Amino acid sequence: GKAQQQANHRFFINNGRANMNWQNWFLDQGNDFVMDRFPVPFIQINPEDMAELGIKPGDMVEIYNDVGATQALAYPEPTARKNETFMVFGAPNGAQGNIVNAGVNELILPNYKATWANIRKISDATPASAAVSYKSWEVEL
């Protein structure tokens with residue numbers, strides 16, 4: 001079904017871990033450092049894609065496809081390729097698993113790390129997202 005998703009949806013949604021909450025966000029719900037840094041899960045998007053969609057840093061977006069939908073805080077990342085995104089894995093809200101696949105059984109071992117979906121803005125940035133720094137994580141050493 002991934003080829004059909006790719007044909008019908010604009011964005012490649014990659015997912016993985018972030019250094020701040022390496023194992024998963026479920027373990028960090030009581031960690032003020034982590035929760036203050038990112039009050040909700042994020043999705044890193046190329047700034048040109050964000051501009052085309054009318055999305056600003058900190059806006060809430062819905063990521064949706066034929067499998068399901070989830071939400072995230074829009075985080076501009078200049079090193080992200082156009083139409084390719086990165087979404088944090090293992091968050092208690094905004095779970096990327098909602099859009100990856102319908103399920104697993106003994107006959108199906110799905111690709112958990114990637115899918116295709118569309119993205120749309122669902123709200124302007126909230127007061128909680130105003131405290132988030134939107135600097136790129138990529139630094140030149």
# chains A, B, ... in the order shown; residues from 1 in each chain; ligands from 1
>>> residues_around(residues="Asn65 of chain A", least_positions_apart="2", cutoff="8 Å", atoms="only C-alpha atoms", output="ChimeraX atom specification")
/A:5,9,63,67-69,99,116-118
>>> write_last_selection(atoms="N, CA and C atoms", output="compact mmCIF listing (two decimals), in the first residue's frame")
# COMPACT_ATOMS: atom_id res chain seq x y z
N GLN A 5 -0.05 5.06 -1.42
CA GLN A 5 0.01 6.25 -0.56
C GLN A 5 0.90 7.31 -1.19
N HIS A 9 -0.47 11.16 -1.90
CA HIS A 9 -0.16 12.12 -0.83
C HIS A 9 1.15 12.84 -1.13
N ILE A 63 -1.57 15.89 10.16
CA ILE A 63 -0.92 15.02 9.19
C ILE A 63 -1.90 13.88 8.97
N VAL A 67 -4.78 5.94 6.24
CA VAL A 67 -4.68 5.11 7.44
C VAL A 67 -5.27 5.82 8.65
N GLY A 68 -5.03 7.13 8.78
CA GLY A 68 -5.50 7.87 9.94
C GLY A 68 -5.00 9.30 9.93
N ALA A 69 -4.97 9.90 11.11
CA ALA A 69 -4.55 11.29 11.24
C ALA A 69 -3.89 11.49 12.60
N ILE A 99 -0.61 7.17 11.54
CA ILE A 99 -0.64 7.33 10.09
C ILE A 99 0.24 6.33 9.34
N TRP A 116 3.50 8.16 3.62
CA TRP A 116 3.17 9.38 2.88
C TRP A 116 1.85 9.89 3.40
N ALA A 117 1.76 11.22 3.47
CA ALA A 117 0.54 11.86 3.99
C ALA A 117 0.47 13.29 3.48
N ASN A 118 -0.65 13.90 3.71
CA ASN A 118 -0.82 15.33 3.45
C ASN A 118 -0.76 16.07 4.77
>>> closest_atom_pairs(of="segment 29-115 of chain A", to="segment 131-134 of chain A", cutoff="10 Å", atoms="only C-alpha atoms", output="CSV")
residue,atom,partner,partner_atom,distance
A:Asp36,CA,A:Val132,CA,8.1
A:Arg37,CA,A:Val132,CA,6.1
A:Phe38,CA,A:Val132,CA,6.7
A:Pro39,CA,A:Val132,CA,8.4
A:Gln44,CA,A:Tyr134,CA,9.9
A:Pro57,CA,A:Tyr134,CA,7.0
A:Gly58,CA,A:Val132,CA,7.7
A:Ala74,CA,A:Tyr134,CA,9.5
A:Tyr75,CA,A:Tyr134,CA,6.4
A:Pro76,CA,A:Tyr134,CA,6.8
A:Glu77,CA,A:Tyr134,CA,8.3
>>> select_by_dssp(residues="segment 3-125 of chain A", states="alpha helix (DSSP H)", output="PyMOL selection string")
chain A and resi 3-8+32-37+47-53
>>> write_last_selection(atoms="C-alpha atoms", output="short mmCIF file (atom, residue, chain, number, x, y, z; two decimals), in the first residue's frame")
data_model
loop_
_atom_site.label_atom_id
_atom_site.label_comp_id
_atom_site.auth_asym_id
_atom_site.auth_seq_id
_atom_site.Cartn_x
_atom_site.Cartn_y
_atom_site.Cartn_z
CA ALA A 3 3.17 2.95 -3.47
CA GLN A 4 -0.50 3.92 -3.54
CA GLN A 5 0.01 6.25 -0.56
CA GLN A 6 2.96 7.85 -2.33
CA ALA A 7 0.85 8.41 -5.44
CA ASN A 8 -1.98 10.02 -3.45
CA ASP A 32 9.87 19.53 32.99
CA PHE A 33 12.98 20.14 30.87
CA VAL A 34 11.58 18.10 27.99
CA MET A 35 7.98 19.25 28.35
CA ASP A 36 8.97 22.93 28.52
CA ARG A 37 11.16 22.56 25.43
CA PRO A 47 10.36 26.32 5.24
CA GLU A 48 9.37 26.61 1.55
CA ASP A 49 6.76 23.86 2.01
CA MET A 50 5.49 25.65 5.11
CA ALA A 51 5.13 28.91 3.17
CA GLU A 52 3.21 27.16 0.38
CA LEU A 53 0.79 25.72 2.96
#
>>> closest_residue(among="A:Ile55, A:Ala128, A:Ala114, A:Leu27", to="Ala91 of chain A", atoms="only C-alpha atoms")
A:Leu27
>>> atom_distance(atom1="atom CA of Met60 of chain A", atom2="atom CA of Arg81 of chain A")
20.4 Å
>>> atom_distance(atom1="atom CA of Phe86 of chain A", atom2="atom CA of Arg120 of chain A")
15.4 Å
>>> residues_around(residues="Glu84 of chain A", least_positions_apart="5", cutoff="10 Å", atoms="only C-alpha atoms", output="list in words")
Arg10, Phe11, Phe12, Ile13, Asn14, Gln44, Ile45, Asn46, Asp49 and Trp116 of chain A
>>> closest_residue(among="A:Gln29, A:Ser136, A:Ser123, A:Thr85", to="Lys56 of chain A", atoms="only C-alpha atoms")
A:Ser123
>>> atom_distance(atom1="atom CA of Val139 of chain A", atom2="atom CA of Ala80 of chain A")
13.7 Å
>>> closest_residue(among="A:Asp28, A:Asp66, A:Phe42, A:Ala125", to="Gln96 of chain A", atoms="only C-alpha atoms")
A:Phe42
>>> select_by_dssp(residues="chain A", states="strand (DSSP E)", output="number ranges by chain")
A: 11-16, 42-45, 60-64, 69-76, 84-88, 114-123
>>> residues_around(residues="Val88 of chain A", least_positions_apart="6", cutoff="8 Å", atoms="only C-alpha atoms", output="PyMOL selection string")
chain A and resi 15-18+41-43+96
